[in-house]
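Worksheet for the structure shown next.
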Amino acid sequence: MLDLLKKSFNKIADSVAEISGAGITIDEKRVDEALDEIELDLLQADIAVDVLDQMREAIKERIVGKKVKGRKEVIEAIKEALVDLLIVPAPAIVPPPEKPYVILFVGPNGVGKTTTIAKIAYLLKKEGYSSVIAAADTFRAGSIEQTEEWAKKLDVRVVKHNYGADPAAVAFDAVKSAQARGDDYVLIDTAGRQDTNENLMEQLKKIKRVVKPHLTIYVGEALTGNALYSQLKTYEEELGIDGVILTKLDADTRGGSAFTVTVGIKKPILFVGLGESPDDLKPFEPGELVEMILG
Amino acid sequence: MLDRIRNAFQILSRDADVERAIKEVQRALIAADVDVTLVAQLAKKLREAKVPKGVPKSRYLTKLLYDELVEILGGKARPFPVIPQRIMLLGLYGSGKTTTAAKLGHWLQKRGLKVLLVAADTHRPGAYDQLKQLAEKANLGFFGIKGEKDPVKVVEKALKQVADVYIVDTAGRTTLDDELIEEVKRIRDVLIPDKTLLVIPADMGQAAGREAKRFKEEVGVDGVIVTKMDGSGKGGGALSACAVAGVPVYFIGTGEHIRDFEQFDANKFISRILGVPDIEKLVELAQETEIKPEDILEGEFDIEKFHKQIEATMNMGPIDKVLQMLGISSVPKEMKKMTEEKFKKYDAIYKSMTKYERRHPEVLQDPSRIRRIAMGSGTTEEDVREMLRDFKKAQKLMKKLKRAGTRRRMEKMLASGQFPIMK
């Protein structure tokens with residue numbers, strides 16, 4: 001799935017190493033030329049146009065001037081640079097002494113928020129923590145039933161109201177309920193919304209004001225193209241997000257979206273979704289992704 | 001993206017600077033997720049174009065660019081047949097299949113057909129309830145078997161129900177895997193669909209083309225519906241995917257609500273980008289909201305008519321969309337929000353007026369009437385006076401429009417903040 005990026009970066013290594021020869025310092029002009037050559041490939045891998053320039057600069061900054069002996073070392077240098085680009089320090093997600101720890105999940109329609117929340121609840125359960133899911137997507141038809149079906153499967157509690165109810169009230173009730181019962185985490189599911197819909201963005205701000213979550217997580221999918229950048233930017237500017245979960249990385253994607261998150265808006269990728277079962281939510285390992293790209 | 005494409009056209013038509021125009025178009029299209037190989041082809045065609053003798057270069061290239069864009073973004077419009085038929089909807093997780101099933105059902109039902117939505121997504125938790133709730137809301141027929149795991153059984157039983165159109169919602173997956181192919185084929189063999197439609201979200205990147213191709217090859221696809229066109233995604237990935245796979249785009253989804261759904265026409269799509277008015281769409285919408293333009297345009301313009309005008313605008317959907325159809329492409333954010341809030345307030349004020357007041361606005365100079373209306377509508381006296389001021393402006397404008405209403409003039413008014421009810 002990531003072979004395209006792999007080829008591109010191999011191209012850089014080839015041209016830089018070939019021209020530089022053994023024991024030579026990587027020079028800027030050559031890296032620039034090589035980057036020009038692979039620009040279309042990078043775009044084809046869904047690296048957003050607006051992010052690409054930042055990425056070029058960042059790669060150059062990290063490898064120009066390095067002394068290398070041959071092609072292998074150029075590859076190593078690029079690898080290091082890419083891993084470096086993917087690392088953004090993530091906040092610790094541990095319940096504070098005064099429970100519960102509240103996590104708000106936001107993002108566009110259809111990216112897999114509800115499923116992701118179920119996976120997180122499962123993960124927490126495995127670690128010995130209890131959680132409550134707030135079914136605060138009171139807009140999309142069937143969303144409450146979807147949450148309930150998951151919760152039944154995982155034996156996790158759900159706090160819900162009717163459709164059309166104020167999502168902030170649902171979230172608030174879930175927090176109160178968790179406080180009363182001593183649950184460790186509250187996971188708030190919200191209706192998917194396009195970042196261009198101002199009224200719905202206002203609604204999210206209200207939820208955030210009312211429950212004051214410890215963490216706001218943007219759930220986005222790896223299949224998204226250039227829009228991911230503007231989506232993330234709007235969510236960050238309007239609402240503020242602490243981290244991103246990238247779903248559907250097992251789909252037919254070329255991985256460029258990861259760079260949009262870490263380079264474009266400089267937020268950590270907390271988890272990645274790699275499949276349908278509750279086990280398939282994995283912590284994001286930059287090294288692994290780059291290893292997959294460059295092999 | 002829109003600005004860049006407009007720019008490119010300007011560069012071409014003004015000084016026929018091909019390289020600069022190509023650069024703008026390339027970046028715009030790639031940023032809109034249009035398939036990179038198609039973008040490269042377009043650039044090549046523009047560069048190698050042979051301008052016929054006697055035709056100005058700028059005009060020839062502008063036309064060429066326009067035609068090529070239409071081709072890349074979906075090609076010639078293909079109207080969707082309004083006939084009894086069996087439709088199967090396909091798509092990956094989260095593409096919006098279920099919502100689309102209801103929107104398509106609503107669209108066909110509005111045109112006189114009896115529609116049955118069939119819940120054959122037995123895979124995703126909550127899918128049955130989602131479709132059922134949507135069907136109830138839109139007053140559409142629904143068939144599903146809660147707890148049934150085999151979609152084929154659901155479809156078999158559904159076909160025994162009486163309906164003109166069967167719309168079958170199928171399960172998605174993260175990717176088109178063997179399991180999904182198998183499932184879709186089994187449903188297809190029982191349903192024997194007249195149309196198999198693939199649902200693709202507008203924000204999907206370069207994977208869109210690959211997916212469309214695979215769906216077409218593995219299970220056969222007759223057309224595409226692009227969803228979430230109201231978001232940041234410009235639909236370039238999805239639309240160009242259809243060009244790659246050689247299937248038409250029938251509809252686009254443009255919002256959260258059931259009527260946010262329209263037939264797609266690449267020509268109009270690009271015209272809208274370029275700021276050419278889409279009169280047909282306006283008329284179509286006006287018909288759906290059941291308000292006749294002549295109701296507003298004919299006779300004396302009083303507060304009743306002013307209210308109808310507001311009502312029609314509200315019913316047609318967000319103000320920016322309506323203005324887009326008028327060919328006015330950029331509406332300031334604040335104006336949009338303000339307008340919608342204002343309309344709601346004006347509606348309340350209107351409802352607190354007597355019939356006589358609505359038809360004889362001149363009596364509304366009386367402060368005691370204004371006080372009464374403000375109290376009745378839960379607004380302030382200033383709000384009422386503001387509405388009256390806006391009414392007077394609209395009245396003036398309607399007089400002007402009756403004489404010579406051109407879009408250019410409206411745009412000018414909008415830009416200078418003179419447009420009625422939307423300063």
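In the structure tokens, each chain is lettered A, B, ... as it comes, each chain's residues begin at 1, and ligands are numbered from 1 in order of appearance.
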
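Proximity to chain A at a cut-off of 7 Å picks out B:Ala31, B:Ala32, B:Asp33, B:Val36, B:Tyr93, B:Gly94, B:Ser95, B:Gly96, B:Pro125, B:Gly126, B:Ala127, B:Asp129, B:Gln130, B:Gln133, B:Leu134, B:Thr174, B:Thr175, B:Asp203, B:Met204, B:Gly205, B:Gln206, B:Ala207, B:Gly231, B:Ser232, B:Gly233 on chain B, counting only C-alpha atoms.
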
Now that the selection is made, can you save its residues with C-alpha atoms as an mmCIF file, in the first residue's frame?
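Writing the result to out.cif gives the following:
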data_model
loop_
_atom_site.group_PDB
_atom_site.id
_atom_site.type_symbol
_atom_site.label_atom_id
_atom_site.label_comp_id
_atom_site.auth_asym_id
_atom_site.auth_seq_id
_atom_site.Cartn_x
_atom_site.Cartn_y
_atom_site.Cartn_z
ATOM 1 C CA ALA B 31 -5.369 20.437 -4.321
ATOM 2 C CA ALA B 32 -8.904 19.331 -5.165
ATOM 3 C CA ASP B 33 -7.662 15.716 -5.316
ATOM 4 C CA VAL B 36 -2.700 13.365 -10.844
ATOM 5 C CA TYR B 93 -17.402 2.502 5.134
ATOM 6 C CA GLY B 94 -18.524 6.005 5.908
ATOM 7 C CA SER B 95 -19.058 7.078 2.323
ATOM 8 C CA GLY B 96 -22.665 7.946 3.139
ATOM 9 C CA PRO B 125 -24.085 -2.151 13.993
ATOM 10 C CA GLY B 126 -26.946 0.330 13.840
ATOM 11 C CA ALA B 127 -27.323 0.301 10.054
ATOM 12 C CA ASP B 129 -32.028 1.493 12.663
ATOM 13 C CA GLN B 130 -30.383 4.282 10.705
ATOM 14 C CA GLN B 133 -35.368 6.166 10.999
ATOM 15 C CA LEU B 134 -34.469 7.969 7.790
ATOM 16 C CA THR B 174 -12.655 -0.466 4.774
ATOM 17 C CA THR B 175 -11.597 -1.637 1.360
ATOM 18 C CA ASP B 203 -12.994 14.447 0.394
ATOM 19 C CA MET B 204 -11.490 11.160 -0.740
ATOM 20 C CA GLY B 205 -8.017 11.560 -2.130
ATOM 21 C CA GLN B 206 -6.128 9.782 -4.834
ATOM 22 C CA ALA B 207 -7.511 6.422 -3.716
ATOM 23 C CA GLY B 231 -17.391 20.109 3.118
ATOM 24 C CA SER B 232 -13.776 21.043 2.504
ATOM 25 C CA GLY B 233 -13.470 18.246 -0.019
#

Tell me which protein, DNA and RNA residues are within 7 Å of Pro278 (chain A), counting only C-alpha atoms, leaving out same-chain ones fewer than 3 positions away, and put them as a CSV table (one decimal) with C-alpha atoms, in the first residue's frame.
chain,number,residue,atom,x,y,z
A,119,LYS,CA,-12.1,0.2,20.2
A,122,TYR,CA,-12.1,-2.1,24.7
A,281,LEU,CA,-6.6,0.0,17.0

Residues within 9 Å of region 92-103 of chain A, please, as an mmCIF file with C-alpha atoms, in the first residue's frame. Count only C-alpha atoms; anything in the same chain fewer than 4 positions from it doesn't count.
data_model
loop_
_atom_site.group_PDB
_atom_site.id
_atom_site.type_symbol
_atom_site.label_atom_id
_atom_site.label_comp_id
_atom_site.auth_asym_id
_atom_site.auth_seq_id
_atom_site.Cartn_x
_atom_site.Cartn_y
_atom_site.Cartn_z
ATOM 1 C CA SER A 131 -15.396 3.741 30.869
ATOM 2 C CA VAL A 175 -19.670 12.918 33.165
ATOM 3 C CA ALA A 178 -19.188 8.555 35.763
ATOM 4 C CA GLN A 179 -18.439 10.726 38.793
ATOM 5 C CA GLY A 182 -16.413 6.155 40.007
ATOM 6 C CA ASP A 183 -15.694 5.304 36.365
ATOM 7 C CA ASP A 184 -12.211 6.065 35.062
ATOM 8 C CA TYR A 185 -13.020 7.447 31.612
ATOM 9 C CA VAL A 186 -15.828 9.195 29.771
ATOM 10 C CA LEU A 187 -15.760 8.815 25.987
ATOM 11 C CA ILE A 188 -17.968 11.347 24.229
ATOM 12 C CA VAL A 211 -17.857 19.326 29.907
ATOM 13 C CA LYS A 212 -14.297 20.723 29.727
ATOM 14 C CA PRO A 213 -12.718 17.521 28.390
ATOM 15 C CA HIS A 214 -9.152 16.611 29.341
ATOM 16 C CA LEU A 215 -8.508 15.604 25.777
ATOM 17 C CA THR A 216 -10.100 16.417 22.432
ATOM 18 C CA ILE A 217 -9.343 13.871 19.751
#

**Request:** Would you please extract all strand (DSSP E) residues from region 79-225 of chain B, as assigned by DSSP on the backbone, and give them as a PyMOL selection string?
**Result:** chain B and resi 85-91+115-120+141-143+165-170+195-201+223-225

Serialized selection, C-alpha atoms, as a compact mmCIF listing (two decimals), in the first residue's frame:
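selection-v8.txt, written as the output of this step:
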# COMPACT_ATOMS: atom_id res chain seq x y z
CA GLN B 85 -36.39 0.11 -11.14
CA ARG B 86 -34.15 -1.79 -8.76
CA ILE B 87 -31.15 0.11 -7.44
CA MET B 88 -28.20 -1.29 -5.52
CA LEU B 89 -25.98 1.14 -3.59
CA LEU B 90 -22.34 0.25 -3.01
CA GLY B 91 -19.51 1.99 -1.21
CA VAL B 115 -40.08 3.87 -3.08
CA LEU B 116 -39.00 1.02 -0.80
CA LEU B 117 -35.69 1.29 1.08
CA VAL B 118 -34.18 -2.11 1.80
CA ALA B 119 -31.79 -2.58 4.74
CA ALA B 120 -29.32 -5.09 3.34
CA GLY B 141 -41.32 2.66 2.41
CA PHE B 142 -38.90 0.54 4.45
CA PHE B 143 -38.09 -3.14 4.62
CA VAL B 165 -38.41 1.55 -6.91
CA TYR B 166 -36.35 -0.70 -4.65
CA ILE B 167 -33.26 0.95 -3.21
CA VAL B 168 -30.99 -1.58 -1.56
CA ASP B 169 -28.46 -0.30 0.98
CA THR B 170 -25.53 -2.71 1.21
CA LYS B 195 -28.66 0.36 -11.66
CA THR B 196 -25.68 -0.32 -9.45
CA LEU B 197 -24.50 2.97 -7.99
CA LEU B 198 -21.21 3.57 -6.20
CA VAL B 199 -21.15 6.17 -3.40
CA ILE B 200 -17.88 8.12 -2.99
CA PRO B 201 -17.23 10.98 -0.54
CA GLY B 223 -22.94 5.31 -12.03
CA VAL B 224 -21.64 7.27 -9.08
CA ILE B 225 -23.08 9.50 -6.39
